[in-house]
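Have a look at target-v8.cif; it's mmCIF, C-alpha atoms:
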data_upload
loop_
_atom_site.label_atom_id
_atom_site.label_comp_id
_atom_site.auth_asym_id
_atom_site.auth_seq_id
_atom_site.Cartn_x
_atom_site.Cartn_y
_atom_site.Cartn_z
CA MET A 1 25.22 28.10 -19.31
CA ALA A 2 22.49 26.52 -17.24
CA SER A 3 23.19 25.45 -13.69
CA PRO A 4 23.28 21.67 -13.05
CA ARG A 5 20.13 22.08 -10.98
CA THR A 6 18.25 24.12 -13.60
CA LEU A 7 15.01 22.35 -14.38
CA THR A 8 14.08 21.31 -17.87
CA ALA A 9 11.00 22.82 -19.48
CA ALA A 10 9.19 19.52 -19.05
CA THR A 11 9.87 19.40 -15.31
CA PRO A 12 7.18 21.03 -13.16
CA SER A 13 8.40 23.52 -10.58
CA ILE A 14 5.18 23.75 -8.59
CA ALA A 15 5.94 23.63 -4.89
CA PRO A 16 4.15 20.92 -2.90
CA PRO A 17 1.51 22.00 -0.38
CA SER A 18 2.85 23.42 2.88
CA ILE A 19 0.62 21.09 4.91
CA ARG A 20 0.27 17.41 4.05
CA ASP A 21 -3.31 16.15 4.05
CA PRO A 22 -4.06 14.27 7.31
CA VAL A 23 -6.04 11.51 5.56
CA VAL A 24 -3.14 10.87 3.19
CA ARG A 25 -0.76 10.65 6.14
CA LEU A 26 -3.14 8.43 8.13
CA THR A 27 -3.62 5.94 5.29
CA HIS A 28 0.07 6.00 4.36
CA TRP A 29 1.41 5.15 7.81
CA GLY A 30 -1.53 2.95 8.75
CA ILE A 31 -1.07 0.74 5.70
CA ALA A 32 2.70 0.70 6.26
CA ILE A 33 2.21 -0.53 9.84
CA ALA A 34 -0.33 -3.16 8.74
CA VAL A 35 1.90 -4.51 5.96
CA LEU A 36 5.06 -4.60 8.04
CA GLY A 37 3.17 -5.97 11.02
CA ASN A 38 1.79 -8.87 9.03
CA ALA A 39 5.22 -9.51 7.51
CA ILE A 40 6.61 -9.84 11.04
CA VAL A 41 3.70 -11.90 12.41
CA ASN A 42 3.56 -14.06 9.26
CA GLU A 43 1.02 -16.44 10.81
CA GLY A 44 -1.85 -16.64 8.36
CA GLY A 45 -5.24 -16.88 10.00
CA SER A 46 -4.06 -15.59 13.38
CA LEU A 47 -6.13 -12.91 15.10
CA ILE A 48 -3.38 -10.31 14.68
CA HIS A 49 -2.85 -11.18 11.02
CA VAL A 50 -6.55 -10.98 10.20
CA THR A 51 -7.01 -7.77 12.20
CA LEU A 52 -4.14 -6.05 10.41
CA GLY A 53 -5.51 -7.28 7.09
CA TRP A 54 -8.92 -5.74 7.76
CA LEU A 55 -7.23 -2.54 8.92
CA ALA A 56 -5.27 -2.36 5.68
CA MET A 57 -8.45 -2.95 3.67
CA ALA A 58 -10.33 -0.19 5.51
CA LEU A 59 -7.46 2.26 5.04
CA LEU A 60 -7.09 1.37 1.36
CA VAL A 61 -10.81 1.94 0.76
CA LEU A 62 -10.58 5.27 2.61
CA ARG A 63 -7.60 6.34 0.49
CA LEU A 64 -9.32 5.36 -2.76
CA VAL A 65 -12.44 7.29 -1.79
CA TRP A 66 -10.23 10.24 -0.79
CA GLY A 67 -8.61 10.05 -4.22
CA VAL A 68 -11.98 11.11 -5.62
CA LEU A 69 -13.37 13.37 -2.89
CA GLY A 70 -10.24 14.71 -1.20
CA PRO A 71 -8.28 17.94 -1.82
CA ALA A 72 -6.64 18.54 -5.19
CA GLU A 73 -3.20 17.18 -4.27
CA ALA A 74 -4.73 13.94 -2.91
CA ARG A 75 -6.88 13.18 -5.95
CA PHE A 76 -5.93 10.67 -8.63
CA SER A 77 -5.99 13.46 -11.20
CA ALA A 78 -2.98 15.03 -9.42
CA PHE A 79 -0.77 12.01 -10.05
CA PRO A 80 -2.00 10.01 -13.07
CA PRO A 81 0.08 6.96 -14.02
CA ASN A 82 2.47 7.88 -16.84
CA PRO A 83 5.31 5.41 -17.52
CA ALA A 84 7.05 7.71 -20.01
CA ALA A 85 7.05 10.62 -17.55
CA ALA A 86 8.26 8.26 -14.82
CA LEU A 87 11.28 7.25 -16.93
CA ARG A 88 12.06 10.90 -17.65
CA HIS A 89 11.87 11.68 -13.94
CA LEU A 90 14.22 8.81 -13.08
CA ARG A 91 16.75 10.08 -15.64
CA GLN A 92 16.48 13.57 -14.16
CA LEU A 93 16.89 12.12 -10.67
CA ALA A 94 20.05 10.31 -11.75
CA ARG A 95 21.43 13.69 -12.88
CA GLY A 96 20.21 15.47 -9.74
CA ARG A 97 17.76 17.60 -11.73
CA VAL A 98 14.38 17.01 -10.17
CA GLY A 99 11.47 19.43 -9.95
CA HIS A 100 8.70 20.06 -7.48
CA TYR A 101 5.28 18.49 -7.89
CA PRO A 102 1.99 19.38 -6.17
CA SER A 103 1.58 15.68 -5.40
CA HIS A 104 3.61 12.54 -6.23
CA ASN A 105 6.29 12.78 -8.89
CA PRO A 106 5.66 10.53 -11.96
CA ALA A 107 7.88 7.70 -10.68
CA GLY A 108 6.32 7.90 -7.23
CA ALA A 109 2.85 7.86 -8.80
CA LEU A 110 3.57 4.58 -10.59
CA MET A 111 4.90 3.16 -7.34
CA VAL A 112 1.71 4.16 -5.52
CA TYR A 113 -0.57 2.50 -8.07
CA ALA A 114 1.59 -0.64 -8.14
CA PHE A 115 1.50 -0.80 -4.35
CA TRP A 116 -2.27 -0.36 -4.21
CA ALA A 117 -2.74 -3.06 -6.87
CA ALA A 118 -0.51 -5.52 -5.00
CA LEU A 119 -2.22 -4.69 -1.71
CA THR A 120 -5.63 -5.31 -3.30
CA VAL A 121 -4.47 -8.76 -4.44
CA VAL A 122 -3.17 -9.53 -0.94
CA ILE A 123 -6.45 -8.45 0.64
CA VAL A 124 -8.69 -10.37 -1.80
CA THR A 125 -6.68 -13.57 -1.52
CA GLY A 126 -6.55 -13.15 2.25
CA LEU A 127 -10.34 -12.95 2.36
CA ILE A 128 -10.54 -16.14 0.29
CA LEU A 129 -8.14 -17.95 2.62
CA THR A 130 -10.03 -16.91 5.75
CA GLY A 131 -13.48 -17.28 4.24
CA GLY A 132 -14.06 -13.59 4.83
CA ALA A 133 -13.86 -14.05 8.59
CA THR A 134 -13.76 -10.84 10.59
CA PRO A 135 -11.44 -10.42 13.58
CA MET A 136 -14.43 -10.99 15.88
CA GLN A 137 -15.23 -14.29 14.16
CA VAL A 138 -11.60 -15.41 14.34
CA ALA A 139 -11.51 -14.59 18.05
CA ALA A 140 -14.78 -16.48 18.59
CA ASP A 141 -13.49 -19.53 16.69
CA LYS A 142 -10.26 -19.60 18.69
CA ALA A 143 -12.22 -19.29 21.91
CA ALA A 144 -14.44 -22.20 20.80
CA VAL A 145 -11.39 -24.35 20.07
CA ALA A 146 -9.82 -23.44 23.40
CA SER A 147 -13.01 -24.49 25.19
CA GLY A 148 -13.21 -27.75 23.24
CA ASP A 149 -16.39 -26.74 21.39
CA TRP A 150 -15.34 -28.03 17.97
CA SER A 151 -18.96 -28.20 16.81
CA ALA A 152 -18.86 -24.44 16.28
CA LEU A 153 -16.27 -24.92 13.54
CA ILE A 154 -17.99 -27.75 11.63
CA LYS A 155 -19.29 -26.67 8.23
CA GLU A 156 -21.62 -28.58 5.94
CA SER A 157 -20.01 -29.99 2.80
CA ASP A 158 -21.50 -29.36 -0.66
CA GLY A 159 -20.11 -32.60 -2.05
CA GLU A 160 -16.74 -34.00 -3.03
CA SER A 161 -16.41 -32.05 -6.29
CA SER A 162 -17.23 -28.83 -4.49
CA ASP A 163 -14.62 -29.62 -1.85
CA ASP A 164 -12.04 -30.27 -4.57
CA GLU A 165 -12.83 -26.95 -6.24
CA GLU A 166 -12.61 -25.12 -2.93
CA THR A 167 -9.28 -26.78 -2.13
CA GLY A 168 -7.91 -25.80 -5.53
CA LEU A 169 -9.10 -22.22 -5.10
CA ARG A 170 -7.53 -21.98 -1.65
CA HIS A 171 -4.24 -23.42 -2.90
CA THR A 172 -4.10 -20.89 -5.75
CA ALA A 173 -5.09 -18.06 -3.42
CA GLU A 174 -2.38 -19.06 -0.96
CA GLU A 175 0.33 -18.98 -3.62
CA VAL A 176 -0.85 -15.67 -5.07
CA HIS A 177 -1.16 -14.22 -1.56
CA GLU A 178 2.45 -15.09 -0.74
CA VAL A 179 3.84 -13.71 -4.02
CA ALA A 180 1.84 -10.47 -3.72
CA ALA A 181 2.87 -10.04 -0.06
CA ASN A 182 6.55 -10.40 -1.00
CA LEU A 183 6.02 -7.93 -3.85
CA LEU A 184 4.57 -5.45 -1.35
CA LEU A 185 7.73 -5.64 0.75
CA LEU A 186 9.89 -5.16 -2.36
CA LEU A 187 7.86 -2.13 -3.42
CA ALA A 188 8.10 -0.72 0.11
CA ALA A 189 11.90 -1.06 0.02
CA LEU A 190 12.05 0.65 -3.39
CA HIS A 191 9.80 3.39 -2.04
CA VAL A 192 12.15 4.06 0.87
CA PHE A 193 15.14 4.14 -1.49
CA GLY A 194 13.30 6.54 -3.79
CA VAL A 195 12.38 8.88 -0.94
CA VAL A 196 16.01 9.01 0.21
CA ALA A 197 17.31 9.63 -3.31
CA GLU A 198 14.67 12.25 -4.06
CA GLY A 199 15.27 14.03 -0.76
CA ARG A 200 19.01 14.24 -1.40
CA ALA A 201 18.50 15.55 -4.94
CA MET A 202 16.01 18.18 -3.76
CA ARG A 203 17.96 18.93 -0.56
CA ARG A 204 14.69 18.59 1.32
CA ASN A 205 13.37 16.46 4.16
CA LEU A 206 10.56 14.47 2.56
CA VAL A 207 9.76 12.38 5.63
CA ALA A 208 8.88 15.22 8.01
CA PRO A 209 5.77 16.33 6.04
CA MET A 210 4.39 12.79 6.13
CA LEU A 211 5.01 12.59 9.88
CA LEU A 212 4.20 16.10 11.07
CA GLY A 213 2.13 17.47 8.22
CA GLU A 214 4.27 20.57 7.69
CA ARG A 215 6.64 20.81 4.76
CA ARG A 216 10.27 21.31 5.76
CA LYS A 217 12.92 22.72 3.44
#
Transcribe the structure of this file into structure tokens.
Amino acid sequence: MASPRTLTAATPSIAPPSIRDPVVRLTHWGIAIAVLGNAIVNEGGSLIHVTLGWLAMALLVLRLVWGVLGPAEARFSAFPPNPAAALRHLRQLARGRVGHYPSHNPAGALMVYAFWAALTVVIVTGLILTGGATPMQVAADKAAVASGDWSALIKESDGESSDDEETGLRHTAEEVHEVAANLLLLLAALHVFGVVAEGRAMRRNLVAPMLLGERRK
């Protein structure tokens, strides 16, 4: 009779790499800090908020590029989105019968793509709300306001209809931005829960490799 922890034929038993890729770790923790930081600051348009937003965008772009050019375990081909496989993995996890994967497990892979999609929406709508202002421009505008030089902030209007369209776009972007930002926090919480559950089922510390790079049993 098979042991409760015997893996099914459909469950990969490939051990993950002994050293976690530094770019994967950098983008993972950098984006986590940016998202949580902006959730705490929660002051749209502030210098900190905009700076963290640009940091998240840069790290996301780096991770997406690394998904094409990076090592095998970091590439998209190592963890393709597969809803059916994700459901199978969750059932196996509920029974404590999980296998080893060279990269993300199927459920984790779906979580990653969902997180990246939500983050992209947050970034795009954030750029719309700030007019694409960089942290340097935000700092310059705030300095101009502090010095009383309001003329630096005056923009030419393209007409009333254009203003109405811009106002409507900003209102929509603001609502979408808020919903996507809340979704990011929900996905982050589910990710933490999944890491804890997966680690207990595998009897392995899954956080240490992402912090230190080395895999710990």
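For the pair CA of Leu185 (chain A) and CA of Met202 (chain A), the interatomic distance is 25.6 Å.
Selection check: the PyMOL selection byres ((chain A and resi 168-175) around 10) on the shown file gives Gly44, Val121, Val122, Val124, Thr125, Gly126, Leu127, Ile128, Leu129, Thr130, Gly131, Ser162, Asp163, Asp164, Glu165, Glu166, Thr167, Val176, His177, Glu178, Val179, Ala180 and Ala181 of chain A.
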Please save C-alpha atoms of the selected residues as a compact mmCIF listing (two decimals), in the coordinates of the input.
# COMPACT_ATOMS: atom_id res chain seq x y z
CA GLY A 44 -1.85 -16.64 8.36
CA VAL A 121 -4.47 -8.76 -4.44
CA VAL A 122 -3.17 -9.53 -0.94
CA VAL A 124 -8.69 -10.37 -1.80
CA THR A 125 -6.68 -13.57 -1.52
CA GLY A 126 -6.55 -13.15 2.25
CA LEU A 127 -10.34 -12.95 2.36
CA ILE A 128 -10.54 -16.14 0.29
CA LEU A 129 -8.14 -17.95 2.62
CA THR A 130 -10.03 -16.91 5.75
CA GLY A 131 -13.48 -17.28 4.24
CA SER A 162 -17.23 -28.83 -4.49
CA ASP A 163 -14.62 -29.62 -1.85
CA ASP A 164 -12.04 -30.27 -4.57
CA GLU A 165 -12.83 -26.95 -6.24
CA GLU A 166 -12.61 -25.12 -2.93
CA THR A 167 -9.28 -26.78 -2.13
CA VAL A 176 -0.85 -15.67 -5.07
CA HIS A 177 -1.16 -14.22 -1.56
CA GLU A 178 2.45 -15.09 -0.74
CA VAL A 179 3.84 -13.71 -4.02
CA ALA A 180 1.84 -10.47 -3.72
CA ALA A 181 2.87 -10.04 -0.06
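Residue selection for this entry, given the PyMOL selection byres ((chain A and resi 78) around 10), comprises A:Gly67, A:Pro71, A:Ala72, A:Glu73, A:Ala74, A:Arg75, A:Phe76, A:Ser77, A:Phe79, A:Pro80, A:Pro81, A:Tyr101, A:Pro102, A:Ser103, A:His104, A:Asn105, A:Ala109.
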Next, write the just-selected residues to a file, as a PDB file, in the coordinates of the input, keeping C-alpha atoms as the atom set.
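For reference, selection04.pdb as written:
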ATOM      1  CA  GLY A  67      -8.610  10.050  -4.220  1.00  0.00           C
ATOM      2  CA  PRO A  71      -8.280  17.940  -1.820  1.00  0.00           C
ATOM      3  CA  ALA A  72      -6.640  18.540  -5.190  1.00  0.00           C
ATOM      4  CA  GLU A  73      -3.200  17.180  -4.270  1.00  0.00           C
ATOM      5  CA  ALA A  74      -4.730  13.940  -2.910  1.00  0.00           C
ATOM      6  CA  ARG A  75      -6.880  13.180  -5.950  1.00  0.00           C
ATOM      7  CA  PHE A  76      -5.930  10.670  -8.630  1.00  0.00           C
ATOM      8  CA  SER A  77      -5.990  13.460 -11.200  1.00  0.00           C
ATOM      9  CA  PHE A  79      -0.770  12.010 -10.050  1.00  0.00           C
ATOM     10  CA  PRO A  80      -2.000  10.010 -13.070  1.00  0.00           C
ATOM     11  CA  PRO A  81       0.080   6.960 -14.020  1.00  0.00           C
ATOM     12  CA  TYR A 101       5.280  18.490  -7.890  1.00  0.00           C
ATOM     13  CA  PRO A 102       1.990  19.380  -6.170  1.00  0.00           C
ATOM     14  CA  SER A 103       1.580  15.680  -5.400  1.00  0.00           C
ATOM     15  CA  HIS A 104       3.610  12.540  -6.230  1.00  0.00           C
ATOM     16  CA  ASN A 105       6.290  12.780  -8.890  1.00  0.00           C
ATOM     17  CA  ALA A 109       2.850   7.860  -8.800  1.00  0.00           C
TER      18      ALA A 109
END
Item to check | Distance criterion (only C-alpha atoms): nearest to Ala34 (chain A) out of A:Leu184, A:Gly99, A:Met136, A:Ala85 | outcome: A:Leu184
Item to check | Matched chain/residue IDs from the PyMOL selection byres ((chain A and resi 110-117) around 8), as a PyMOL selection string | outcome: chain A and resi 60+81-83+86+106-109+118-121+184+187-188+191
Checklist entry - Skipping near chain neighbours, those fewer than 2 positions away, what residues fall within 10 Å of Val24 (chain A) using all atoms listed in the file, listed as a PyMOL selection string? => result chain A and resi 20-22+26-30+59+62-63+66-67+70+73-74+210+213
Item to check | Residues within 9 Å of Thr134 (chain A), all atoms listed in the file, excluding chain neighbours under 4 positions, as a ChimeraX atom specification | outcome: /A:50-51,54,130,138-139
Missing atoms in region 179-213 of chain A should be modelled up to N, CA and C atoms and reported as a CSV table (one decimal), keeping the file's coordinate frame.
chain,number,residue,atom,x,y,z
A,179,VAL,N,3.1,-14.5,-3.0
A,179,VAL,CA,3.8,-13.7,-4.0
A,179,VAL,C,3.5,-12.2,-3.9
A,180,ALA,N,2.2,-11.9,-3.8
A,180,ALA,CA,1.8,-10.5,-3.7
A,180,ALA,C,2.4,-9.8,-2.4
A,181,ALA,N,2.4,-10.6,-1.3
A,181,ALA,CA,2.9,-10.0,-0.1
A,181,ALA,C,4.4,-9.7,-0.2
A,182,ASN,N,5.1,-10.6,-0.8
A,182,ASN,CA,6.6,-10.4,-1.0
A,182,ASN,C,6.8,-9.2,-1.9
A,183,LEU,N,5.9,-9.1,-2.9
A,183,LEU,CA,6.0,-7.9,-3.8
A,183,LEU,C,5.8,-6.6,-3.1
A,184,LEU,N,4.8,-6.6,-2.2
A,184,LEU,CA,4.6,-5.4,-1.4
A,184,LEU,C,5.8,-5.0,-0.6
A,185,LEU,N,6.5,-6.0,0.0
A,185,LEU,CA,7.7,-5.6,0.8
A,185,LEU,C,8.8,-5.1,-0.2
A,186,LEU,N,8.9,-5.7,-1.4
A,186,LEU,CA,9.9,-5.2,-2.4
A,186,LEU,C,9.6,-3.7,-2.8
A,187,LEU,N,8.3,-3.5,-3.0
A,187,LEU,CA,7.9,-2.1,-3.4
A,187,LEU,C,8.1,-1.1,-2.3
A,188,ALA,N,7.9,-1.6,-1.0
A,188,ALA,CA,8.1,-0.7,0.1
A,188,ALA,C,9.6,-0.4,0.2
A,189,ALA,N,10.5,-1.3,0.0
A,189,ALA,CA,11.9,-1.1,0.0
A,189,ALA,C,12.3,-0.1,-1.1
A,190,LEU,N,11.8,-0.3,-2.3
A,190,LEU,CA,12.0,0.6,-3.4
A,190,LEU,C,11.5,2.0,-3.1
A,191,HIS,N,10.4,2.1,-2.4
A,191,HIS,CA,9.8,3.4,-2.0
A,191,HIS,C,10.7,4.1,-1.1
A,192,VAL,N,11.2,3.4,-0.1
A,192,VAL,CA,12.2,4.1,0.9
A,192,VAL,C,13.4,4.6,0.2
A,193,PHE,N,14.0,3.7,-0.7
A,193,PHE,CA,15.1,4.1,-1.5
A,193,PHE,C,14.8,5.4,-2.3
A,194,GLY,N,13.7,5.4,-3.0
A,194,GLY,CA,13.3,6.5,-3.8
A,194,GLY,C,13.1,7.8,-3.0
A,195,VAL,N,12.6,7.7,-1.8
A,195,VAL,CA,12.4,8.9,-0.9
A,195,VAL,C,13.7,9.4,-0.5
A,196,VAL,N,14.7,8.6,-0.2
A,196,VAL,CA,16.0,9.0,0.2
A,196,VAL,C,16.7,9.7,-1.0
A,197,ALA,N,16.7,9.1,-2.1
A,197,ALA,CA,17.3,9.6,-3.3
A,197,ALA,C,16.7,11.0,-3.7
A,198,GLU,N,15.4,11.0,-3.7
A,198,GLU,CA,14.7,12.2,-4.1
A,198,GLU,C,15.0,13.4,-3.1
A,199,GLY,N,15.0,13.0,-1.8
A,199,GLY,CA,15.3,14.0,-0.8
A,199,GLY,C,16.7,14.6,-0.9
A,200,ARG,N,17.6,13.8,-1.2
A,200,ARG,CA,19.0,14.2,-1.4
A,200,ARG,C,19.1,15.1,-2.6
A,201,ALA,N,18.4,14.8,-3.7
A,201,ALA,CA,18.5,15.6,-4.9
A,201,ALA,C,17.8,16.9,-4.8
A,202,MET,N,16.8,16.9,-4.0
A,202,MET,CA,16.0,18.2,-3.8
A,202,MET,C,16.5,19.0,-2.6
A,203,ARG,N,17.5,18.3,-1.8
A,203,ARG,CA,18.0,18.9,-0.6
A,203,ARG,C,16.8,19.3,0.4
A,204,ARG,N,15.9,18.3,0.5
A,204,ARG,CA,14.7,18.6,1.3
A,204,ARG,C,14.3,17.3,2.1
A,205,ASN,N,13.8,17.6,3.3
A,205,ASN,CA,13.4,16.5,4.2
A,205,ASN,C,12.0,16.1,3.7
A,206,LEU,N,11.9,14.9,3.1
A,206,LEU,CA,10.6,14.5,2.6
A,206,LEU,C,9.8,13.6,3.6
A,207,VAL,N,10.4,13.2,4.6
A,207,VAL,CA,9.8,12.4,5.6
A,207,VAL,C,9.0,13.2,6.6
A,208,ALA,N,9.5,14.4,7.0
A,208,ALA,CA,8.9,15.2,8.0
A,208,ALA,C,7.4,15.6,7.6
A,209,PRO,N,7.2,16.0,6.4
A,209,PRO,CA,5.8,16.3,6.0
A,209,PRO,C,4.8,15.2,6.2
A,210,MET,N,5.3,13.9,6.0
A,210,MET,CA,4.4,12.8,6.1
A,210,MET,C,4.2,12.4,7.6
A,211,LEU,N,5.1,12.9,8.4
A,211,LEU,CA,5.0,12.6,9.9
A,211,LEU,C,4.3,13.7,10.6
A,212,LEU,N,4.7,14.9,10.3
A,212,LEU,CA,4.2,16.1,11.1
A,212,LEU,C,3.2,16.9,10.3
A,213,GLY,N,3.1,16.7,9.0
A,213,GLY,CA,2.1,17.5,8.2
A,213,GLY,C,2.7,18.7,7.6
